[in-house]
Amino acid sequence: MLSFEHLSKTYADGTRALSDINLIVQEGEIVALIGGSGCGKTTLLRLIAGLDRESAGQIRLDGEVLSGPHPAIGIVFQEPRLLPWLSVSDNIAFGLDGLSTAERQARVSHALEKIGLVEHADRWPRDLSGGQQQRVSIARAFVTNPKVLLLDEPFSALDAFTRASLHEHLLSLWEETRPTVVLVTHDVQEAVTLADRAVVMQPKPGRIFDELPLTLARPRDRTGLPFETSVRRVLTALDHSLKAPQAQPQRERDRQAAALWW
Amino acid sequence: MTGQAASNAWSSHEGAAALAAPTSTEKRRAFDGRILLGFFLPIAIALLWEAAVTFGLAEGRLVPPPSRIIATLSALAETGELWTHAWMTLWRVLVGFIIGAFSGIVLGALSGSSKTLRQLLDPTLQALRAIPSIAWVPLFILWLGIFEASKVALIAVGVFFPVYLGIAGAILSVDRKLVEVGHVFRLSRVQLARRILLPAVLPEAVIALRSGLGLGFMFVVAAEFMGASEGLGYLLVDGQQMGKPDQILAAIIAFALLGKLADSLLVAGTKPLVRWQDTVRERL
């Protein structure tokens, strides 16, 4: 169980990226953080990954307060971030240093099979397409068997077809060990395809606006009516989250206009 | 010219046909054509000059024709003089390069990886860098004598600065995103240096070493000018004092060949380390 308690992050320049985040993510749950740009989604993820320090509050994983990168937490970045001097299989094995050679090989070849890149095992990352590179990056995070997997808009740079196939690869890897997943995205379709719950965030300062359970049965039919309904629900919530701050000045102006009229 | 153009067209045709499965002979033929083009200009100028001297249009005393330079070179090679001088020069460059490159790598790595050390070392080193290296010559002669030590010291100073700058700069410009990957997998400082920083700086380190080697050859001439009885630089001075321009040109050509050879060896030796690079440079 991953929990956030009064989590805040203020950057050195005074930007309030996150303000009083309270959230509990159950074990094995897939949560999508969704919201407009600048609402602190990525900051939240970086705090969980231990790449940044929170200004206040804390993050707990199964009761343990997180400070710095944790071995049970894996992350897939927006870019593949593969090490260009390592072959595909060595990239996947990057985090498996403590294991025996046989165990490492077994895990890597299983992962290669899962992402369908067995024949590319010995190639350089530069020889792969963007989608293939991102698959390698996902495999690199999965082979360490993390309890929590963080995904920072990992599919945003890919075309729609590649994205859909990567969703399948991701879910089939997830099925095996069922880690807790926190997915940052700005793509509502993606959130509804993958997540059990959508957490809609609001910018300035970054905070949680609403939570929507997505209880569709898996595998999800992207063309069905329930899927459409869920997408619409999330979109509506997102719309409100973006409009909320402007709504106030709007009413204010109306009142002033009315006062002038009278 | 027309023949060449026709043959080019033919070979590119072949190349297109062979695109599906390019054989090594096909590749080699396309490659050789490009290289030969580079020889065209110097050979044409050499032939023109040779003809001008042969037909009495120019005297050729101060600017000897290629045939006379080649004769001088082969005469020097036959007596064994050329090899002694070339070996001496190469030895000085090698020792100076090893000392300069080693200290450049160590100090560059220190100042690139620690901010405190950078603030401590870098201003002094930058100030020293602003001094033209030749200005050290009188001091080195006083300190180290007129023999090998002062020459090697001058070459080492020349090699040091480009290597230091290159290594420190390369470490500072390592992609922060890749360093974060190391943090996520909880690498220690040593592991981070070995598994991410070292491989990431290798390509730029090779370039730094190459420019260091180039400067090493530049400074060996300066070092040999300041009084040597052996070395290609000595041949230059001797040629000037004895009025033998053909000997000067022969020494210059020997320098060119030696420098190119050393650079090619360095590139070939480091190529396996930077094979993964995704740039056009590997094809140059």
# chains A, B, ... in the order shown; residues from 1 in each chain; ligands from 1

$ interface_residues --of "chain A" --to "chain B" --cutoff "7 Å" --atoms "only C-alpha atoms" --output "list in words"
Ala49, Pro69, Arg81, Pro84, Trp85, Gly95, Trp124 and Arg126 of chain A

$ write_last_selection --atoms "N, CA and C atoms" --output "PDB file, in the first residue's frame"
ATOM      1  N   ALA A  49       9.688   8.335  -6.578  1.00  0.00           N
ATOM      2  CA  ALA A  49      10.896   7.650  -7.055  1.00  0.00           C
ATOM      3  C   ALA A  49      12.120   8.027  -6.230  1.00  0.00           C
ATOM      4  N   PRO A  69      15.648   6.889  -3.368  1.00  0.00           N
ATOM      5  CA  PRO A  69      15.221   5.781  -4.227  1.00  0.00           C
ATOM      6  C   PRO A  69      15.098   4.476  -3.447  1.00  0.00           C
ATOM      7  N   ARG A  81      15.382   6.619 -22.105  1.00  0.00           N
ATOM      8  CA  ARG A  81      16.570   6.733 -21.249  1.00  0.00           C
ATOM      9  C   ARG A  81      17.356   5.437 -21.185  1.00  0.00           C
ATOM     10  N   PRO A  84      23.121   4.165 -24.113  1.00  0.00           N
ATOM     11  CA  PRO A  84      23.422   3.868 -25.522  1.00  0.00           C
ATOM     12  C   PRO A  84      24.601   2.924 -25.712  1.00  0.00           C
ATOM     13  N   TRP A  85      25.442   2.759 -24.670  1.00  0.00           N
ATOM     14  CA  TRP A  85      26.615   1.894 -24.847  1.00  0.00           C
ATOM     15  C   TRP A  85      26.336   0.451 -24.424  1.00  0.00           C
ATOM     16  N   GLY A  95      19.501  -3.209 -13.790  1.00  0.00           N
ATOM     17  CA  GLY A  95      19.206  -3.151 -12.362  1.00  0.00           C
ATOM     18  C   GLY A  95      19.342  -4.483 -11.645  1.00  0.00           C
ATOM     19  N   TRP A 124      22.231  -2.434 -30.502  1.00  0.00           N
ATOM     20  CA  TRP A 124      22.341  -1.193 -29.729  1.00  0.00           C
ATOM     21  C   TRP A 124      20.972  -0.518 -29.689  1.00  0.00           C
ATOM     22  N   ARG A 126      20.289   2.414 -30.422  1.00  0.00           N
ATOM     23  CA  ARG A 126      20.116   3.313 -31.579  1.00  0.00           C
ATOM     24  C   ARG A 126      19.499   2.595 -32.767  1.00  0.00           C
TER      25      ARG A 126
END

$ residues_around --residues "stretch 135-137 of chain A" --least-positions-apart "5" --cutoff "8 Å" --atoms "only C-alpha atoms" --output "NGL selection string"
:A and (76 or 80-82 or 88 or 91-92 or 112 or 115 or 166 or 169)

$ select_by_dssp --residues "stretch 1-166 of chain A" --states "alpha helix (DSSP H)" --output "PyMOL selection string"
chain A and resi 41-49+88-92+101-115+130-142+160-166

$ write_last_selection --atoms "N, CA and C atoms" --output "compact mmCIF listing (two decimals), in the first residue's frame"
# COMPACT_ATOMS: atom_id res chain seq x y z
N LYS A 41 1.89 16.53 -11.62
CA LYS A 41 1.84 15.07 -11.78
C LYS A 41 3.24 14.48 -11.74
N THR A 42 4.11 15.05 -12.60
CA THR A 42 5.46 14.50 -12.70
C THR A 42 6.24 14.74 -11.41
N THR A 43 6.01 15.90 -10.77
CA THR A 43 6.68 16.16 -9.49
C THR A 43 6.32 15.09 -8.47
N LEU A 44 5.03 14.73 -8.43
CA LEU A 44 4.59 13.70 -7.49
C LEU A 44 5.32 12.39 -7.74
N LEU A 45 5.44 12.05 -9.04
CA LEU A 45 6.12 10.81 -9.40
C LEU A 45 7.59 10.84 -9.00
N ARG A 46 8.23 11.98 -9.22
CA ARG A 46 9.65 12.10 -8.87
C ARG A 46 9.86 12.01 -7.36
N LEU A 47 8.88 12.48 -6.61
CA LEU A 47 8.97 12.35 -5.15
C LEU A 47 8.89 10.87 -4.74
N ILE A 48 7.95 10.12 -5.38
CA ILE A 48 7.84 8.70 -5.04
C ILE A 48 9.13 7.97 -5.42
N ALA A 49 9.69 8.34 -6.58
CA ALA A 49 10.90 7.65 -7.06
C ALA A 49 12.12 8.03 -6.23
N VAL A 88 20.67 -4.17 -25.96
CA VAL A 88 19.30 -4.23 -25.46
C VAL A 88 19.21 -5.11 -24.21
N SER A 89 19.82 -6.32 -24.28
CA SER A 89 19.68 -7.21 -23.12
C SER A 89 20.46 -6.68 -21.91
N ASP A 90 21.61 -6.04 -22.15
CA ASP A 90 22.35 -5.47 -21.02
C ASP A 90 21.60 -4.29 -20.40
N ASN A 91 20.88 -3.55 -21.23
CA ASN A 91 20.06 -2.47 -20.70
C ASN A 91 18.97 -3.02 -19.78
N ILE A 92 18.32 -4.11 -20.24
CA ILE A 92 17.27 -4.69 -19.40
C ILE A 92 17.86 -5.19 -18.09
N THR A 101 24.28 -14.95 -12.38
CA THR A 101 24.24 -14.82 -13.84
C THR A 101 23.06 -15.58 -14.43
N ALA A 102 22.83 -16.80 -13.93
CA ALA A 102 21.76 -17.63 -14.48
C ALA A 102 20.41 -16.97 -14.27
N GLU A 103 20.18 -16.47 -13.04
CA GLU A 103 18.91 -15.83 -12.71
C GLU A 103 18.71 -14.59 -13.58
N ARG A 104 19.82 -13.83 -13.74
CA ARG A 104 19.75 -12.60 -14.54
C ARG A 104 19.37 -12.94 -15.97
N GLN A 105 20.04 -13.96 -16.53
CA GLN A 105 19.76 -14.34 -17.92
C GLN A 105 18.32 -14.79 -18.08
N ALA A 106 17.86 -15.58 -17.10
CA ALA A 106 16.50 -16.09 -17.18
C ALA A 106 15.49 -14.94 -17.20
N ARG A 107 15.70 -13.99 -16.30
CA ARG A 107 14.75 -12.86 -16.23
C ARG A 107 14.79 -12.03 -17.51
N VAL A 108 16.01 -11.77 -18.00
CA VAL A 108 16.14 -10.93 -19.19
C VAL A 108 15.50 -11.61 -20.39
N SER A 109 15.76 -12.92 -20.55
CA SER A 109 15.22 -13.56 -21.76
C SER A 109 13.70 -13.67 -21.65
N HIS A 110 13.18 -13.85 -20.43
CA HIS A 110 11.73 -13.86 -20.26
C HIS A 110 11.14 -12.49 -20.63
N ALA A 111 11.81 -11.43 -20.16
CA ALA A 111 11.31 -10.09 -20.46
C ALA A 111 11.38 -9.81 -21.95
N LEU A 112 12.48 -10.21 -22.59
CA LEU A 112 12.61 -10.00 -24.04
C LEU A 112 11.47 -10.68 -24.79
N GLU A 113 11.14 -11.89 -24.33
CA GLU A 113 10.06 -12.61 -24.98
C GLU A 113 8.74 -11.86 -24.80
N LYS A 114 8.52 -11.38 -23.57
CA LYS A 114 7.27 -10.68 -23.27
C LYS A 114 7.10 -9.42 -24.13
N ILE A 115 8.19 -8.70 -24.37
CA ILE A 115 8.06 -7.46 -25.15
C ILE A 115 8.33 -7.72 -26.63
N GLY A 130 11.42 4.16 -31.75
CA GLY A 130 11.03 4.77 -30.48
C GLY A 130 10.17 3.85 -29.62
N GLY A 131 9.21 3.19 -30.28
CA GLY A 131 8.32 2.30 -29.54
C GLY A 131 9.07 1.10 -28.97
N GLN A 132 10.01 0.57 -29.77
CA GLN A 132 10.81 -0.57 -29.28
C GLN A 132 11.67 -0.16 -28.11
N GLN A 133 12.26 1.04 -28.20
CA GLN A 133 13.11 1.53 -27.10
C GLN A 133 12.29 1.64 -25.82
N GLN A 134 11.05 2.16 -25.96
CA GLN A 134 10.23 2.33 -24.76
C GLN A 134 9.83 0.97 -24.18
N ARG A 135 9.67 -0.03 -25.05
CA ARG A 135 9.38 -1.38 -24.57
C ARG A 135 10.56 -1.89 -23.74
N VAL A 136 11.78 -1.65 -24.23
CA VAL A 136 12.97 -2.07 -23.49
C VAL A 136 13.00 -1.39 -22.13
N SER A 137 12.65 -0.09 -22.14
CA SER A 137 12.67 0.67 -20.90
C SER A 137 11.65 0.12 -19.90
N ILE A 138 10.48 -0.29 -20.41
CA ILE A 138 9.46 -0.89 -19.53
C ILE A 138 9.97 -2.21 -18.97
N ALA A 139 10.61 -3.00 -19.85
CA ALA A 139 11.15 -4.30 -19.41
C ALA A 139 12.22 -4.08 -18.33
N ARG A 140 13.06 -3.04 -18.52
CA ARG A 140 14.12 -2.77 -17.54
C ARG A 140 13.52 -2.51 -16.15
N ALA A 141 12.34 -1.85 -16.13
CA ALA A 141 11.71 -1.56 -14.85
C ALA A 141 11.05 -2.82 -14.28
N PHE A 142 10.51 -3.68 -15.15
CA PHE A 142 9.76 -4.84 -14.67
C PHE A 142 10.66 -5.96 -14.16
N ALA A 160 -0.48 6.57 -32.26
CA ALA A 160 -1.62 5.89 -31.64
C ALA A 160 -1.52 4.37 -31.73
N PHE A 161 -1.06 3.86 -32.87
CA PHE A 161 -0.96 2.40 -33.03
C PHE A 161 0.06 1.82 -32.08
N THR A 162 1.24 2.43 -32.06
CA THR A 162 2.30 1.96 -31.18
C THR A 162 1.85 2.03 -29.74
N ARG A 163 1.13 3.12 -29.42
CA ARG A 163 0.68 3.30 -28.04
C ARG A 163 -0.25 2.16 -27.64
N ALA A 164 -1.20 1.84 -28.53
CA ALA A 164 -2.16 0.78 -28.21
C ALA A 164 -1.43 -0.55 -28.00
N SER A 165 -0.42 -0.82 -28.82
CA SER A 165 0.28 -2.10 -28.66
C SER A 165 1.12 -2.09 -27.38
N LEU A 166 1.64 -0.92 -27.02
CA LEU A 166 2.40 -0.84 -25.77
C LEU A 166 1.51 -1.00 -24.55

$ residues_around --residues "stretch 208-220 of chain A" --least-positions-apart "4" --cutoff "8 Å" --atoms "only C-alpha atoms" --output "list in words"
Ile21, Val192, Thr193, Ala195, Asp196, Arg197, Ala198, Val199, Val200, Met201, Gln202, Pro226, Phe227, Ser230, Val234, Ala237 and Ser241 of chain A

$ select_by_dssp --residues "stretch 45-261 of chain A" --states "strand (DSSP E or B)" --output "ChimeraX atom specification"
/A:56-61,64-65,73-76,148-152,180-185,197-202,207-213

$ write_last_selection --atoms "N, CA and C atoms" --output "compact mmCIF listing (two decimals), in the first residue's frame"
# COMPACT_ATOMS: atom_id res chain seq x y z
N ALA A 56 7.20 18.96 2.61
CA ALA A 56 6.46 18.66 3.84
C ALA A 56 5.64 17.40 3.60
N GLY A 57 5.21 16.75 4.68
CA GLY A 57 4.44 15.54 4.56
C GLY A 57 5.33 14.35 4.26
N GLN A 58 4.70 13.20 4.03
CA GLN A 58 5.53 12.02 3.74
C GLN A 58 4.82 11.03 2.84
N ILE A 59 5.64 10.14 2.26
CA ILE A 59 5.14 9.05 1.44
C ILE A 59 5.51 7.77 2.16
N ARG A 60 4.55 6.86 2.29
CA ARG A 60 4.83 5.58 2.94
C ARG A 60 4.57 4.45 1.96
N LEU A 61 5.46 3.45 1.98
CA LEU A 61 5.23 2.22 1.24
C LEU A 61 5.12 1.11 2.27
N GLU A 64 6.43 1.98 5.64
CA GLU A 64 7.81 2.49 5.70
C GLU A 64 7.88 3.86 5.03
N VAL A 65 8.42 4.85 5.75
CA VAL A 65 8.53 6.19 5.17
C VAL A 65 9.65 6.19 4.14
N ILE A 73 10.74 0.12 -5.87
CA ILE A 73 10.03 1.06 -6.73
C ILE A 73 10.78 1.21 -8.04
N GLY A 74 10.08 0.94 -9.14
CA GLY A 74 10.68 1.10 -10.47
C GLY A 74 10.01 2.25 -11.19
N ILE A 75 10.71 2.82 -12.17
CA ILE A 75 10.12 3.95 -12.90
C ILE A 75 10.42 3.82 -14.39
N VAL A 76 9.43 4.20 -15.19
CA VAL A 76 9.64 4.32 -16.63
C VAL A 76 9.44 5.79 -16.96
N VAL A 148 6.09 -1.37 -6.67
CA VAL A 148 5.42 -0.18 -7.20
C VAL A 148 6.11 0.20 -8.50
N LEU A 149 5.31 0.42 -9.54
CA LEU A 149 5.89 0.85 -10.80
C LEU A 149 5.34 2.24 -11.14
N LEU A 150 6.23 3.16 -11.42
CA LEU A 150 5.83 4.52 -11.75
C LEU A 150 6.01 4.74 -13.25
N LEU A 151 4.99 5.26 -13.90
CA LEU A 151 5.06 5.49 -15.34
C LEU A 151 4.83 6.99 -15.59
N ASP A 152 5.82 7.66 -16.11
CA ASP A 152 5.73 9.10 -16.32
C ASP A 152 5.46 9.40 -17.79
N THR A 180 1.73 -2.48 -7.88
CA THR A 180 0.97 -1.23 -7.83
C THR A 180 1.52 -0.32 -8.92
N VAL A 181 0.63 0.32 -9.69
CA VAL A 181 1.12 1.18 -10.76
C VAL A 181 0.59 2.59 -10.58
N VAL A 182 1.46 3.57 -10.63
CA VAL A 182 1.03 4.96 -10.67
C VAL A 182 1.41 5.50 -12.04
N LEU A 183 0.39 5.83 -12.83
CA LEU A 183 0.60 6.25 -14.21
C LEU A 183 0.27 7.73 -14.35
N VAL A 184 1.25 8.51 -14.81
CA VAL A 184 0.98 9.91 -15.10
C VAL A 184 0.64 10.02 -16.57
N THR A 185 -0.44 10.68 -16.88
CA THR A 185 -0.81 10.80 -18.29
C THR A 185 -1.63 12.07 -18.50
N ARG A 197 -8.47 3.53 -11.30
CA ARG A 197 -8.95 4.75 -10.69
C ARG A 197 -8.24 5.91 -11.36
N ALA A 198 -8.99 6.96 -11.65
CA ALA A 198 -8.37 8.16 -12.21
C ALA A 198 -8.36 9.24 -11.14
N VAL A 199 -7.20 9.81 -10.89
CA VAL A 199 -7.09 10.91 -9.94
C VAL A 199 -6.87 12.18 -10.75
N VAL A 200 -7.87 13.07 -10.73
CA VAL A 200 -7.77 14.29 -11.53
C VAL A 200 -7.11 15.37 -10.69
N MET A 201 -6.07 15.99 -11.25
CA MET A 201 -5.34 17.01 -10.50
C MET A 201 -5.57 18.38 -11.08
N GLN A 202 -5.24 19.38 -10.27
CA GLN A 202 -5.55 20.76 -10.61
C GLN A 202 -4.27 21.58 -10.39
N ARG A 207 -2.82 20.08 -6.84
CA ARG A 207 -3.57 19.40 -5.78
C ARG A 207 -4.60 18.46 -6.42
N ILE A 208 -5.17 17.59 -5.59
CA ILE A 208 -6.13 16.62 -6.13
C ILE A 208 -7.50 17.27 -6.23
N PHE A 209 -8.11 17.18 -7.42
CA PHE A 209 -9.41 17.80 -7.64
C PHE A 209 -10.52 16.78 -7.42
N ASP A 210 -10.32 15.56 -7.94
CA ASP A 210 -11.38 14.56 -7.86
C ASP A 210 -10.80 13.17 -8.10
N GLU A 211 -11.51 12.15 -7.61
CA GLU A 211 -11.10 10.77 -7.87
C GLU A 211 -12.27 10.04 -8.50
N LEU A 212 -12.00 9.32 -9.60
CA LEU A 212 -13.06 8.59 -10.28
C LEU A 212 -12.69 7.12 -10.38
N PRO A 213 -13.48 6.21 -9.79
CA PRO A 213 -13.19 4.79 -9.97
C PRO A 213 -13.53 4.35 -11.40

$ atom_distance --atom1 "atom CA of B:Arg118" --atom2 "atom CA of B:Arg176"
18.5 Å

$ residues_around --residues "A:Gly14" --least-positions-apart "6" --cutoff "12 Å" --atoms "only C-alpha atoms" --output "list in words"
Ser55, Lys204 and Pro205 of chain A

$ atom_distance --atom1 "atom CA of B:Val159" --atom2 "atom CA of B:Gly214"
8.2 Å

$ residues_around --residues "stretch 107-109 of chain B" --least-positions-apart "3" --cutoff "9 Å" --atoms "only C-alpha atoms" --output "count of residues only"
16

$ closest_residue --among "B:Val152, B:Leu90, B:Leu197, B:Ile98" --to "B:Leu257" --atoms "only C-alpha atoms"
B:Leu90

$ decode --residues "stretch 98-109 of chain B" --atoms "all heavy atoms" --output "tab-separated table (two decimals), in the first residue's frame"
chain	number	residue	atom	x	y	z
B	98	ILE	N	52.09	10.79	-22.79
B	98	ILE	CA	51.65	9.94	-21.68
B	98	ILE	C	51.57	10.76	-20.38
B	98	ILE	O	50.56	10.72	-19.67
B	98	ILE	CB	52.59	8.72	-21.51
B	98	ILE	CG1	52.36	7.76	-22.68
B	98	ILE	CG2	52.34	8.02	-20.18
B	98	ILE	CD1	53.36	6.64	-22.75
B	99	ILE	N	52.61	11.55	-20.11
B	99	ILE	CA	52.60	12.35	-18.88
B	99	ILE	C	51.46	13.37	-18.92
B	99	ILE	O	50.67	13.49	-17.98
B	99	ILE	CB	53.95	13.07	-18.69
B	99	ILE	CG1	55.07	12.02	-18.52
B	99	ILE	CG2	53.91	14.01	-17.49
B	99	ILE	CD1	56.46	12.62	-18.52
B	100	GLY	N	51.38	14.12	-20.04
B	100	GLY	CA	50.38	15.18	-20.14
B	100	GLY	C	48.96	14.63	-20.13
B	100	GLY	O	48.09	15.16	-19.44
B	101	ALA	N	48.73	13.55	-20.88
B	101	ALA	CA	47.39	12.99	-20.96
B	101	ALA	C	46.97	12.41	-19.62
B	101	ALA	O	45.83	12.60	-19.17
B	101	ALA	CB	47.32	11.92	-22.05
B	102	PHE	N	47.90	11.72	-18.95
B	102	PHE	CA	47.56	11.11	-17.67
B	102	PHE	C	47.17	12.19	-16.65
B	102	PHE	O	46.12	12.10	-16.02
B	102	PHE	CB	48.74	10.29	-17.16
B	102	PHE	CG	48.47	9.63	-15.84
B	102	PHE	CD1	47.69	8.49	-15.78
B	102	PHE	CD2	48.98	10.15	-14.65
B	102	PHE	CE1	47.41	7.88	-14.57
B	102	PHE	CE2	48.71	9.55	-13.44
B	102	PHE	CZ	47.92	8.41	-13.41
B	103	SER	N	48.01	13.23	-16.54
B	103	SER	CA	47.66	14.25	-15.54
B	103	SER	C	46.41	15.01	-15.98
B	103	SER	O	45.61	15.42	-15.14
B	103	SER	CB	48.83	15.21	-15.29
B	103	SER	OG	49.51	15.46	-16.48
B	104	GLY	N	46.22	15.19	-17.28
B	104	GLY	CA	45.01	15.86	-17.78
B	104	GLY	C	43.77	15.06	-17.44
B	104	GLY	O	42.75	15.63	-17.02
B	105	ILE	N	43.85	13.74	-17.59
B	105	ILE	CA	42.68	12.90	-17.29
B	105	ILE	C	42.38	12.94	-15.79
B	105	ILE	O	41.22	13.13	-15.38
B	105	ILE	CB	42.94	11.45	-17.76
B	105	ILE	CG1	42.90	11.37	-19.28
B	105	ILE	CG2	41.89	10.50	-17.16
B	105	ILE	CD1	43.32	10.04	-19.85
B	106	VAL	N	43.43	12.82	-14.97
B	106	VAL	CA	43.21	12.79	-13.52
B	106	VAL	C	42.62	14.12	-13.04
B	106	VAL	O	41.56	14.15	-12.39
B	106	VAL	CB	44.52	12.47	-12.78
B	106	VAL	CG1	44.34	12.69	-11.28
B	106	VAL	CG2	44.95	11.05	-13.06
B	107	LEU	N	43.27	15.24	-13.39
B	107	LEU	CA	42.79	16.53	-12.91
B	107	LEU	C	41.44	16.88	-13.54
B	107	LEU	O	40.58	17.46	-12.89
B	107	LEU	CB	43.82	17.62	-13.19
B	107	LEU	CG	45.07	17.54	-12.30
B	107	LEU	CD1	46.07	18.63	-12.67
B	107	LEU	CD2	44.70	17.67	-10.84
B	108	GLY	N	41.27	16.53	-14.83
B	108	GLY	CA	39.99	16.79	-15.49
B	108	GLY	C	38.86	16.03	-14.82
B	108	GLY	O	37.78	16.57	-14.59
B	109	ALA	N	39.13	14.77	-14.47
B	109	ALA	CA	38.11	13.96	-13.80
B	109	ALA	C	37.78	14.53	-12.43
B	109	ALA	O	36.62	14.62	-12.04
B	109	ALA	CB	38.58	12.51	-13.67
